[in-house]
$ cat run29.cif   # mmCIF, C-alpha atoms and all ligand atoms
data_target
loop_
_atom_site.label_atom_id
_atom_site.label_comp_id
_atom_site.auth_asym_id
_atom_site.auth_seq_id
_atom_site.Cartn_x
_atom_site.Cartn_y
_atom_site.Cartn_z
CA MET Z 317 108.09 95.44 108.43
CA SER Z 318 105.23 93.01 108.98
CA ALA Z 319 101.60 93.92 108.40
CA ALA Z 320 100.59 96.48 110.99
CA ALA Z 321 97.31 97.07 112.74
CA PRO Z 322 95.41 99.72 110.77
CA LEU Z 323 95.50 103.20 112.24
CA PRO Z 324 92.09 104.67 113.04
CA GLY Z 325 90.81 106.68 110.09
CA ARG Z 326 93.66 105.70 107.79
CA SER Z 327 93.80 103.37 104.80
CA ALA Z 328 95.71 100.08 104.89
CA ARG Z 329 98.32 101.64 102.60
CA VAL Z 330 99.00 104.58 104.94
CA SER Z 331 99.06 102.24 107.95
CA HIS Z 332 101.60 100.03 106.20
CA PHE Z 333 104.03 102.82 105.38
CA VAL Z 334 103.69 104.53 108.75
CA ALA Z 335 104.42 101.20 110.43
CA THR Z 336 107.50 100.75 108.22
CA ALA Z 337 108.87 104.18 109.10
CA CYS Z 338 108.07 103.82 112.82
CA ALA Z 339 109.71 100.39 113.03
CA ARG Z 340 113.10 101.89 112.13
CA TYR Z 341 112.91 104.05 115.27
CA HIS Z 342 111.19 101.52 117.55
CA LEU Z 343 108.05 103.64 117.75
CA ASP Z 344 104.56 102.23 118.10
CA PRO Z 345 102.50 103.67 115.21
CA ALA Z 346 99.13 103.19 116.94
CA GLY Z 347 100.37 104.87 120.13
CA LEU Z 348 101.78 107.73 118.08
CA ALA Z 349 98.63 108.24 116.01
CA GLY Z 350 96.46 108.03 119.13
CA ALA Z 351 98.49 110.56 121.10
CA LEU Z 352 98.90 113.22 118.42
CA ALA Z 353 96.16 115.26 116.80
CA ILE Z 354 97.15 114.77 113.16
CA PRO Z 355 94.63 115.81 110.50
CA VAL Z 356 93.60 113.36 107.78
CA ILE Z 357 93.74 114.83 104.27
CA THR Z 358 92.81 112.63 101.34
CA ALA Z 359 93.18 115.04 98.41
CA ALA Z 360 95.48 113.84 95.63
CA PRO Z 361 96.12 116.63 93.12
CA PRO Z 362 97.74 115.79 89.77
CA PRO Z 363 101.53 116.04 89.39
CA PRO Z 364 103.87 117.83 89.44
CA PRO Z 365 103.78 118.16 93.22
CA ARG Z 366 104.78 121.34 95.01
CA GLY Z 367 106.44 121.34 98.39
CA THR Z 368 105.80 123.41 101.48
CA LEU Z 369 108.45 123.82 104.15
CA VAL Z 370 106.76 123.36 107.51
CA ALA Z 371 108.60 125.18 110.30
CA LEU Z 372 108.97 123.00 113.37
CA PRO Z 373 108.37 124.26 116.90
CA ASP Z 374 111.50 125.23 118.88
CA TRP Z 375 111.62 121.96 120.81
CA ALA Z 376 112.00 120.05 117.52
CA SER Z 377 113.73 122.49 115.20
CA ALA Z 378 117.02 120.53 115.26
CA ILE Z 379 115.21 117.60 113.63
CA GLY Z 380 114.38 119.66 110.57
CA VAL Z 381 116.63 120.93 107.82
CA GLU Z 382 117.20 124.50 108.92
CA GLY Z 383 114.30 124.02 111.30
CA ALA Z 384 111.76 122.82 108.75
CA LEU Z 385 110.42 119.71 107.03
CA LEU Z 386 109.21 119.52 103.44
CA VAL Z 387 105.78 118.04 102.67
CA PRO Z 388 103.57 118.24 99.56
CA ASP Z 389 101.48 121.38 99.93
CA HIS Z 390 98.15 119.57 99.56
CA LEU Z 391 98.82 117.82 102.89
CA VAL Z 392 98.73 121.05 104.87
CA ALA Z 393 95.18 122.08 105.82
CA ALA Z 394 94.07 125.71 105.74
CA GLY Z 395 93.76 127.42 109.11
CA THR Z 396 95.38 129.74 111.58
CA ALA Z 397 97.06 127.23 113.92
CA PRO Z 398 100.82 126.77 113.46
CA CYS Z 399 101.54 124.95 110.21
CA TRP Z 400 102.97 121.88 111.93
CA GLN Z 401 99.62 121.33 113.68
CA ARG Z 402 97.74 121.46 110.35
CA THR Z 403 99.98 118.99 108.51
CA ASP Z 404 98.90 115.45 107.69
CA TRP Z 405 102.24 113.95 108.68
CA LEU Z 406 101.10 110.32 108.38
CA GLY Z 407 99.70 111.00 104.92
CA ALA Z 408 103.02 112.63 104.00
CA ILE Z 409 104.98 109.55 105.11
CA ALA Z 410 102.83 107.33 102.89
CA TRP Z 411 102.90 109.85 100.01
CA TYR Z 412 106.71 109.76 99.99
CA LEU Z 413 107.25 106.04 100.57
CA ASP Z 414 104.62 105.03 98.00
CA GLY Z 415 106.13 107.29 95.33
CA ALA Z 416 102.58 108.62 94.97
CA ALA Z 417 103.35 111.61 92.76
CA GLU Z 418 105.70 109.68 90.50
CA ARG Z 419 103.16 106.88 90.16
CA ALA Z 420 100.55 109.40 89.06
CA ALA Z 421 103.00 110.98 86.59
CA GLU Z 422 103.89 107.55 85.20
CA ALA Z 423 100.20 106.64 84.73
CA ARG Z 424 99.88 109.74 82.52
CA ASN Z 425 103.16 109.85 80.64
CA GLY Z 426 104.79 106.43 80.97
CA PRO Z 427 107.94 105.49 82.86
CA ILE Z 428 110.78 107.98 83.18
CA HIS Z 429 112.91 104.99 84.13
CA SER Z 430 115.28 106.80 86.41
CA TYR Z 431 115.91 110.23 84.92
CA ALA Z 432 114.86 112.91 87.38
CA GLY Z 433 115.26 115.45 84.57
CA ARG Z 434 112.21 113.97 82.85
CA LEU Z 435 109.96 114.97 85.76
CA THR Z 436 109.23 118.44 84.45
CA GLY Z 437 108.07 121.11 86.85
CA TRP Z 438 108.93 118.97 89.86
CA ASP Z 439 109.95 120.49 93.17
CA THR Z 440 113.38 118.90 93.39
CA ARG Z 441 113.65 119.63 97.12
CA PHE Z 442 111.62 116.44 97.66
CA TRP Z 443 114.81 114.50 96.84
CA ASP Z 444 117.22 116.58 98.90
CA ALA Z 445 116.79 115.01 102.33
CA ALA Z 446 115.57 111.91 104.12
CA TRP Z 447 112.34 113.78 104.93
CA VAL Z 448 110.40 110.71 106.06
CA ASN Z 449 113.05 109.71 108.58
CA ARG Z 450 113.02 113.25 109.95
CA ILE Z 451 109.21 113.34 110.07
CA VAL Z 452 109.17 110.18 112.19
CA LEU Z 453 111.84 111.57 114.52
CA PHE Z 454 109.72 114.71 114.87
CA LEU Z 455 106.54 112.75 115.61
CA GLY Z 456 108.46 110.67 118.15
CA ARG Z 457 109.67 113.77 119.94
CA TRP Z 458 106.17 115.24 119.87
CA ALA Z 459 104.80 112.04 121.42
CA ALA Z 460 107.58 112.10 124.02
CA ARG Z 461 106.50 115.60 125.04
CA ARG Z 462 103.02 114.17 125.53
CA GLY Z 463 104.52 111.52 127.80
CA VAL Z 464 103.52 108.69 125.45
CA SER Z 465 107.00 107.34 124.73
CA ALA Z 466 110.66 108.17 125.08
CA ASP Z 467 112.36 110.44 122.54
CA PRO Z 468 113.28 108.11 119.67
CA ARG Z 469 116.82 106.79 119.45
CA VAL Z 470 118.67 107.25 116.15
CA PRO Z 471 120.03 103.83 115.13
CA ALA Z 472 123.35 103.30 113.37
CA ALA Z 473 122.96 104.03 109.67
CA GLU Z 474 123.07 101.13 107.19
CA VAL Z 475 124.75 102.37 104.02
CA THR Z 476 125.42 99.51 101.62
CA LEU Z 477 128.26 99.90 99.15
CA SER Z 478 127.40 98.10 95.92
CA HIS Z 479 129.41 97.19 92.85
CA ASP Z 480 127.51 96.79 89.58
CA VAL Z 481 129.44 94.69 87.06
CA ASP Z 482 128.70 96.28 83.67
CA ALA Z 483 131.91 95.18 81.97
CA VAL Z 484 134.85 92.88 82.64
CA ARG Z 485 137.01 94.28 79.83
CA LYS Z 486 137.03 97.32 77.56
CA THR Z 487 134.55 96.57 74.78
CA THR Z 488 133.67 98.54 71.66
CA ALA Z 489 130.29 99.39 73.20
CA ILE Z 490 132.05 100.83 76.28
CA ARG Z 491 134.39 102.85 74.04
CA ILE Z 492 131.41 104.36 72.22
CA LYS Z 493 129.40 105.10 75.38
CA GLN Z 494 132.15 106.65 77.51
CA SER Z 495 133.63 108.65 74.59
CA ALA Z 496 130.13 110.00 73.92
CA VAL Z 497 129.91 111.05 77.58
CA HIS Z 498 133.24 112.90 77.26
CA LEU Z 499 132.02 114.63 74.07
CA ILE Z 500 128.75 115.70 75.69
CA LYS Z 501 130.72 117.14 78.60
CA ALA Z 502 133.03 118.93 76.15
CA LEU Z 503 130.01 120.43 74.39
CA ARG Z 504 128.71 121.63 77.75
CA GLN Z 505 132.07 123.30 78.41
CA LEU Z 506 131.98 124.97 74.99
CA ARG Z 507 128.46 126.28 75.58
CA GLY Z 508 129.60 127.58 78.96
CA GLY Z 509 132.33 129.60 77.24
CA ARG Z 510 135.22 127.34 78.32
CA PRO Z 511 136.96 126.38 75.04
CA VAL Z 512 140.10 125.05 76.77
CA GLY Z 513 138.05 122.73 78.94
CA ALA Z 514 136.10 121.66 75.85
CA LEU Z 515 139.28 120.85 73.96
CA ARG Z 516 140.56 118.85 76.91
CA GLY Z 517 137.25 116.94 76.90
CA VAL Z 518 137.61 116.10 73.22
CA GLY Z 519 141.12 114.85 73.94
CA ARG Z 520 139.77 112.62 76.69
CA ALA Z 521 137.11 111.23 74.34
CA VAL Z 522 139.68 110.41 71.66
CA ARG Z 523 142.11 108.87 74.15
CA PHE Z 524 139.37 106.73 75.68
CA PHE Z 525 138.14 105.61 72.26
CA VAL Z 526 141.50 104.61 70.76
CA GLY Z 527 143.21 103.54 74.01
CA PRO Z 528 144.41 99.95 74.48
CA GLY Z 529 141.92 97.19 75.24
CA VAL Z 530 142.38 96.69 78.96
CA GLY Z 531 140.86 94.28 81.45
CA TYR Z 532 138.31 95.70 83.86
CA TRP Z 533 138.23 92.95 86.44
CA ASN Z 534 138.88 94.71 89.73
CA LEU Z 535 136.27 93.04 91.87
CA ASP Z 536 138.47 90.60 93.80
CA ARG Z 537 140.73 93.43 94.92
CA LEU Z 538 137.87 95.81 95.71
CA ILE Z 539 136.00 93.27 97.80
CA ALA Z 540 139.15 92.43 99.75
CA GLU Z 541 139.82 96.13 100.41
CA GLN Z 542 136.22 96.84 101.40
CA ARG Z 543 136.04 93.88 103.75
CA ALA Z 544 139.33 94.82 105.39
CA LEU Z 545 137.65 98.13 106.28
CA GLY Z 546 134.66 96.35 107.78
CA LEU Z 547 132.39 97.21 104.84
CA ASP Z 548 130.15 94.49 103.49
CA PRO Z 549 129.56 95.28 99.81
CA ILE Z 550 126.98 93.69 97.54
CA VAL Z 551 127.71 92.81 93.90
CA PHE Z 552 125.25 92.92 91.00
CA VAL Z 553 126.05 90.83 87.97
CA HIS Z 554 124.54 90.46 84.50
CA GLY Z 555 122.76 87.16 83.90
CA GLY Z 556 121.65 87.70 80.31
CA GLY Z 557 122.88 86.06 77.16
CA PRO Z 558 125.02 87.75 74.54
CA PRO Z 559 123.27 90.91 73.32
CA ARG Z 560 121.62 90.47 69.93
CA ARG Z 561 119.87 93.70 68.96
CA PRO Z 562 121.78 96.96 68.40
CA VAL Z 563 120.20 98.60 71.45
CA THR Z 564 121.15 95.75 73.78
CA TRP Z 565 124.59 95.45 72.19
CA LEU Z 566 125.21 99.08 73.08
CA PHE Z 567 123.57 99.19 76.50
CA ASP Z 568 123.88 95.71 77.99
CA PRO Z 569 127.02 94.21 79.47
CA GLY Z 570 128.92 92.22 76.85
CA TYR Z 571 130.02 89.33 79.07
CA ARG Z 572 128.31 86.12 80.17
CA VAL Z 573 128.25 85.23 83.84
CA ALA Z 574 129.13 81.62 83.02
CA ASP Z 575 132.44 82.64 81.40
CA PRO Z 576 135.61 82.02 83.44
CA VAL Z 577 135.85 85.80 83.94
CA PRO Z 578 133.76 86.71 85.88
CA GLY Z 579 132.19 83.32 86.77
CA GLU Z 580 135.10 81.76 88.66
CA SER Z 581 135.75 84.80 90.83
CA LEU Z 582 132.07 85.32 91.55
CA HIS Z 583 131.69 81.70 92.63
CA ARG Z 584 134.65 82.08 94.96
CA LEU Z 585 133.43 85.40 96.37
CA ALA Z 586 129.90 84.09 96.93
CA SER Z 587 131.35 81.04 98.70
CA ALA Z 588 133.24 83.45 100.97
CA GLY Z 589 129.95 85.11 101.95
CA VAL Z 590 129.84 88.04 99.54
CA ARG Z 591 126.25 88.90 98.65
CA VAL Z 592 125.72 88.56 94.89
CA GLY Z 593 122.57 89.75 93.13
CA VAL Z 594 121.38 89.87 89.55
CA HIS Z 595 121.75 92.97 87.36
CA PRO Z 596 118.92 92.46 84.85
CA SER Z 597 119.26 93.47 81.20
CA PHE Z 598 118.26 96.82 79.74
CA THR Z 599 114.95 95.46 78.38
CA ALA Z 600 114.03 93.21 81.33
CA TRP Z 601 112.42 95.83 83.60
CA ALA Z 602 108.86 94.57 82.98
CA ASP Z 603 109.60 91.02 81.85
CA PRO Z 604 109.21 88.35 84.57
CA ALA Z 605 110.41 85.55 82.26
CA ALA Z 606 113.65 87.39 81.44
CA LEU Z 607 114.19 88.32 85.08
CA ASP Z 608 113.69 84.71 86.13
CA ARG Z 609 116.03 83.43 83.42
CA GLU Z 610 118.76 85.88 84.36
CA ARG Z 611 118.36 85.21 88.08
CA ARG Z 612 118.82 81.48 87.40
CA ALA Z 613 121.90 82.12 85.25
CA VAL Z 614 123.56 83.98 88.12
CA GLU Z 615 122.51 81.27 90.58
CA ALA Z 616 124.05 78.61 88.35
CA ALA Z 617 127.30 80.57 88.13
CA ILE Z 618 127.70 81.23 91.85
CA GLY Z 619 126.11 78.02 93.13
CA ARG Z 620 123.76 79.85 95.48
CA PRO Z 621 120.22 81.22 95.53
CA VAL Z 622 119.83 84.82 94.37
CA GLY Z 623 117.16 87.15 95.78
CA ASP Z 624 118.82 90.54 95.30
CA CYS Z 625 118.47 92.63 92.21
CA ARG Z 626 119.30 96.00 90.71
CA GLN Z 627 118.02 96.81 87.24
CA HIS Z 628 120.82 97.75 84.83
CA TRP Z 629 120.73 101.47 83.91
CA LEU Z 630 118.17 101.79 86.76
CA ARG Z 631 115.48 100.92 84.21
CA PHE Z 632 112.36 101.05 86.33
CA SER Z 633 108.59 101.44 86.24
CA TRP Z 634 106.56 101.93 89.41
CA ALA Z 635 103.68 99.90 87.99
CA ALA Z 636 105.65 97.06 86.43
CA THR Z 637 109.17 96.46 87.73
CA TRP Z 638 108.65 95.41 91.34
CA ARG Z 639 105.72 93.18 90.35
CA ALA Z 640 107.81 91.54 87.63
CA GLN Z 641 110.65 90.99 90.11
CA VAL Z 642 108.30 89.32 92.60
CA ALA Z 643 106.93 87.09 89.84
CA ALA Z 644 110.53 86.13 89.00
CA GLY Z 645 111.29 85.03 92.56
CA LEU Z 646 113.34 88.08 93.53
CA THR Z 647 112.99 89.37 97.09
CA HIS Z 648 115.12 92.52 97.42
CA ASP Z 649 115.44 95.35 94.93
CA TRP Z 650 118.07 98.11 95.00
CA THR Z 651 116.99 100.08 91.91
CA CYS Z 652 115.07 103.00 93.42
CA GLY Z 653 117.24 106.06 92.77
CA PHE Z 654 118.13 108.38 89.91
CA ASN Z 655 120.69 108.17 87.12
CA ASP Z 656 121.18 111.88 86.60
CA ARG Z 657 121.42 113.16 90.18
CA PRO Z 658 122.02 111.93 93.72
CA GLY Z 659 119.04 112.03 96.02
CA PHE Z 660 116.29 110.39 97.96
CA ARG Z 661 113.77 109.29 95.34
CA LEU Z 662 111.39 108.18 98.12
CA GLY Z 663 112.19 111.23 100.26
CA ALA Z 664 113.54 108.66 102.67
CA ALA Z 665 116.52 106.57 103.65
CA LEU Z 666 114.43 103.53 104.47
CA ALA Z 667 114.04 100.01 103.15
CA VAL Z 668 110.35 99.54 102.36
CA ARG Z 669 107.98 96.91 101.10
CA PRO Z 670 106.23 98.57 98.13
CA TRP Z 671 102.44 98.57 98.13
CA GLY Z 672 100.58 96.38 95.62
CA ASP Z 673 96.81 96.48 95.03
CA ALA Z 674 95.55 95.66 98.51
CA GLU Z 675 98.65 94.62 100.38
CA ALA Z 676 102.40 95.03 100.42
CA LEU Z 677 104.40 93.14 97.80
CA ALA Z 678 106.64 90.29 98.98
CA LEU Z 679 109.74 92.34 98.25
CA THR Z 680 111.99 94.80 100.07
CA ALA Z 681 113.20 97.88 98.21
CA THR Z 682 116.28 99.69 99.52
CA PRO Z 683 116.80 103.11 97.93
CA THR Z 684 120.02 104.02 96.13
CA VAL Z 685 121.10 107.54 97.01
CA LEU Z 686 124.35 108.10 95.13
CA MET Z 687 126.22 106.73 92.10
CA ASP Z 688 129.77 107.27 90.86
CA ALA Z 689 128.76 108.60 87.43
CA GLN Z 690 126.74 111.39 89.05
CA LEU Z 691 129.99 112.72 90.49
CA TYR Z 692 132.12 112.29 87.36
CA ASP Z 693 129.91 112.27 84.24
CA TYR Z 694 126.77 114.23 85.07
CA GLN Z 695 128.53 117.08 86.87
CA GLU Z 696 131.85 118.87 86.52
CA LEU Z 697 133.31 118.62 90.02
CA ASP Z 698 136.82 119.10 91.31
CA ASP Z 699 138.14 116.76 94.00
CA ALA Z 700 137.07 118.96 96.90
CA ARG Z 701 133.51 119.43 95.65
CA ARG Z 702 133.24 115.73 94.88
CA ARG Z 703 134.28 114.88 98.42
CA ALA Z 704 131.81 117.42 99.77
CA ALA Z 705 129.01 115.88 97.71
CA ILE Z 706 129.80 112.39 99.02
CA ALA Z 707 129.89 113.67 102.60
CA ARG Z 708 126.64 115.56 102.07
CA TRP Z 709 124.56 112.63 100.72
CA ILE Z 710 126.01 109.90 102.93
CA GLY Z 711 125.98 112.34 105.86
CA GLU Z 712 122.23 112.75 105.52
CA VAL Z 713 121.70 108.98 105.75
CA GLN Z 714 124.01 108.84 108.77
CA ALA Z 715 122.35 111.81 110.45
CA VAL Z 716 118.97 110.09 110.51
CA GLY Z 717 120.26 106.54 111.03
CA GLY Z 718 118.75 105.55 107.69
CA GLN Z 719 119.13 102.75 105.16
CA ALA Z 720 120.42 103.36 101.62
CA ALA Z 721 122.82 102.08 98.98
CA VAL Z 722 125.63 103.63 96.94
CA ILE Z 723 126.77 102.42 93.51
CA TRP Z 724 130.44 102.28 92.63
CA HIS Z 725 130.96 100.34 89.38
CA GLN Z 726 133.82 97.90 89.67
CA ARG Z 727 135.25 98.81 86.23
CA VAL Z 728 135.88 102.49 87.04
CA VAL Z 729 138.90 102.08 89.28
CA GLY Z 730 142.21 102.01 87.42
CA PRO Z 731 143.78 104.22 84.79
CA ASP Z 732 141.04 104.12 82.14
CA TYR Z 733 138.37 105.89 84.21
CA GLY Z 734 140.47 106.87 87.21
CA TRP Z 735 137.56 107.24 89.61
CA ASP Z 736 139.63 105.81 92.48
CA ASP Z 737 139.82 109.04 94.49
CA GLY Z 738 136.05 109.22 94.82
CA LEU Z 739 135.91 105.64 96.05
CA ARG Z 740 138.58 106.45 98.64
CA ALA Z 741 136.58 109.45 99.83
CA LEU Z 742 133.45 107.34 99.98
CA ARG Z 743 135.18 104.68 102.07
CA GLU Z 744 136.40 107.33 104.47
CA VAL Z 745 132.91 108.71 104.96
CA LEU Z 746 131.47 105.22 105.37
CA THR Z 747 134.06 104.04 107.86
CA GLU Z 748 134.24 107.24 109.87
CA GLY Z 749 130.47 107.05 110.23
CA ALA Z 750 130.73 110.46 111.87
CA ALA Z 751 127.02 110.70 112.45
CA ARG Z 752 125.49 114.16 112.51
CA ARG Z 753 122.42 113.24 114.48
CA PRO Z 754 119.47 115.49 115.09
ZN ZN U 1 124.51 98.53 85.09
#

$ encode --input "run29.cif" --output "structure tokens"
Amino acid sequence: MSAAAPLPGRSARVSHFVATACARYHLDPAGLAGALAIPVITAAPPPPPRGTLVALPDWASAIGVEGALLVPDHLVAAGTAPCWQRTDWLGAIAWYLDGAAERAAEARNGPIHSYAGRLTGWDTRFWDAAWVNRIVLFLGRWAARRGVSADPRVPAAEVTLSHDVDAVRKTTAIRIKQSAVHLIKALRQLRGGRPVGALRGVGRAVRFFVGPGVGYWNLDRLIAEQRALGLDPIVFVHGGGPPRRPVTWLFDPGYRVADPVPGESLHRLASAGVRVGVHPSFTAWADPAALDRERRAVEAAIGRPVGDCRQHWLRFSWAATWRAQVAAGLTHDWTCGFNDRPGFRLGAALAVRPWGDAEALALTATPTVLMDAQLYDYQELDDARRRAAIARWIGEVQAVGGQAAVIWHQRVVGPDYGWDDGLRALREVLTEGAARRP
């Protein structure tokens, strides 16, 4: 992902993102752009964006989702030629990977942090597939038909399992938050005309709230199990001080990384080669000084440099967060995903270097595609549908040989949450790696 030679007729930003996407599939962006007649469209209509499904020609239909690829409709020129010949595919790659529509929405309305539901009027199909990966595979096949290069090879997917450490024991704040989640779900059941389910939900809320104060330290066991399966998980840990204000008391982790739990285990795990990153506080998303302080606290606890980061609660601003992370000495962010739904926030399963003013930032951003709470708190799913959802989202990353992360909080295994079955299903999908490749 180094700086690429600019493509004729394209901006440095488009060249950068096209080079990023091509690199994953060992394609030469200049050769590709030179061989294919791809229109250049520079319009940038205001959000919300609308999508157009572009039907692929027969020789490439297997690369699409049901034979088509989704692009924003302003990147398809008017005309009578087949749609795929009128599409600005390179512009679409950059539009997705730059988060162009979300950036424009944020400039108007402020950050949504990571709630997809706050993007009103959005065409949610943009998040349903790794469109960018598929676009590059299509362009590669097109170029191969022109005799420019070989049909691109789909590499092995890189799905990173990650454990965010939000709590090491059951705190009052956790009791309030998770009981509230159960009550909200119960209310949803009641509104949906399911009083028995609602009553069960209230029971769950009460049991969680008054239940015994248990320890939540499962990380040593989880890491050992994951590594035995050949998975190489990454851990994100809070580096902030004790929360002081009501909002941070409720939302931030209540432990200190320097305490014996979790500090001693984390030091041991990091010494054994486990990747440990910082999980910055709820209010730190645009605060380089806080990010730097918290990064150093984690470094002191584990005795190693820390470059990885995922913002707690996925608190994130396109304009501010990555810049603040760079200023704080962080080099790899894993925040880009949604709280309230699985999906490809960049329309891609690709690690990218986000664009700054005139060049790429000195930071890699790997998208997060799926989180445990989406399967247990945000939706009512039975075991079979939960398994199907895991296979669907991870399967898409595997199908295109993409790069993405999954969040499984370390506190949620065990009797209190009982989200063990989902983790087992996830491990199966990750280790099978049964790639559905186009
Ligand atoms: Zn968190």

$ residues_around --input "run29.cif" --residues "segment 365-367 of chain Z" --least-positions-apart "3" --cutoff "12 Å" --atoms "only C-alpha atoms" --output "PyMOL selection string"
chain Z and resi 360-362+370+384-392+408+411-412+415-421+435-444+447+663

$ closest_residue --input "run29.cif" --among "Z:Leu697, Z:Leu545, Z:Leu585, Z:Val594" --to "Leu746 of chain Z" --atoms "only C-alpha atoms"
Z:Leu545

$ atom_distance --input "run29.cif" --atom1 "atom CA of Thr747 of chain Z" --atom2 "atom CA of Asp698 of chain Z"
22.5 Å

$ atom_distance --input "run29.cif" --atom1 "atom CA of Ala376 of chain Z" --atom2 "atom CA of Thr682 of chain Z"
27.5 Å

$ closest_residue --input "run29.cif" --among "Z:Cys399, Z:Ala681, Z:Val553, Z:Leu406" --to "ligand ZN 1 (chain U)" --atoms "only C-alpha atoms and all ligand atoms"
Z:Val553

$ atom_distance --input "run29.cif" --atom1 "atom CA of Pro549 of chain Z" --atom2 "atom CA of Ala720 of chain Z"
12.3 Å

$ residues_near_ligand --input "run29.cif" --ligand "ligand ZN 1 (chain U)" --cutoff "12 Å" --atoms "all atoms listed in the file" --output "JSON, numbers by chain"
{"Z": [478, 479, 480, 481, 482, 483, 490, 551, 552, 553, 554, 555, 567, 568, 569, 570, 594, 595, 596, 597, 598, 625, 626, 627, 628, 629, 630, 631, 650, 651, 655, 687, 688, 689, 723, 724, 725, 726, 727]}

$ residues_around --input "run29.cif" --residues "Gly749 of chain Z" --least-positions-apart "3" --cutoff "10 Å" --atoms "all atoms listed in the file" --output "ChimeraX atom specification"
/Z:472-475,710-711,714-715,743-746,752

$ residues_around --input "run29.cif" --residues "Arg572 of chain Z" --least-positions-apart "6" --cutoff "7 Å" --atoms "all atoms listed in the file" --output "list of chain:residue names"
Z:Gly555, Z:Gly556, Z:Gly557, Z:Pro558

$ write_last_selection --input "run29.cif" --atoms "C-alpha atoms" --output "CSV table (one decimal), keeping the file's coordinate frame"
chain,number,residue,atom,x,y,z
Z,555,GLY,CA,122.8,87.2,83.9
Z,556,GLY,CA,121.6,87.7,80.3
Z,557,GLY,CA,122.9,86.1,77.2
Z,558,PRO,CA,125.0,87.8,74.5

$ residues_around --input "run29.cif" --residues "Gly513 of chain Z" --least-positions-apart "4" --cutoff "7 Å" --atoms "all atoms listed in the file" --output "number ranges by chain"
Z: 502, 505, 517
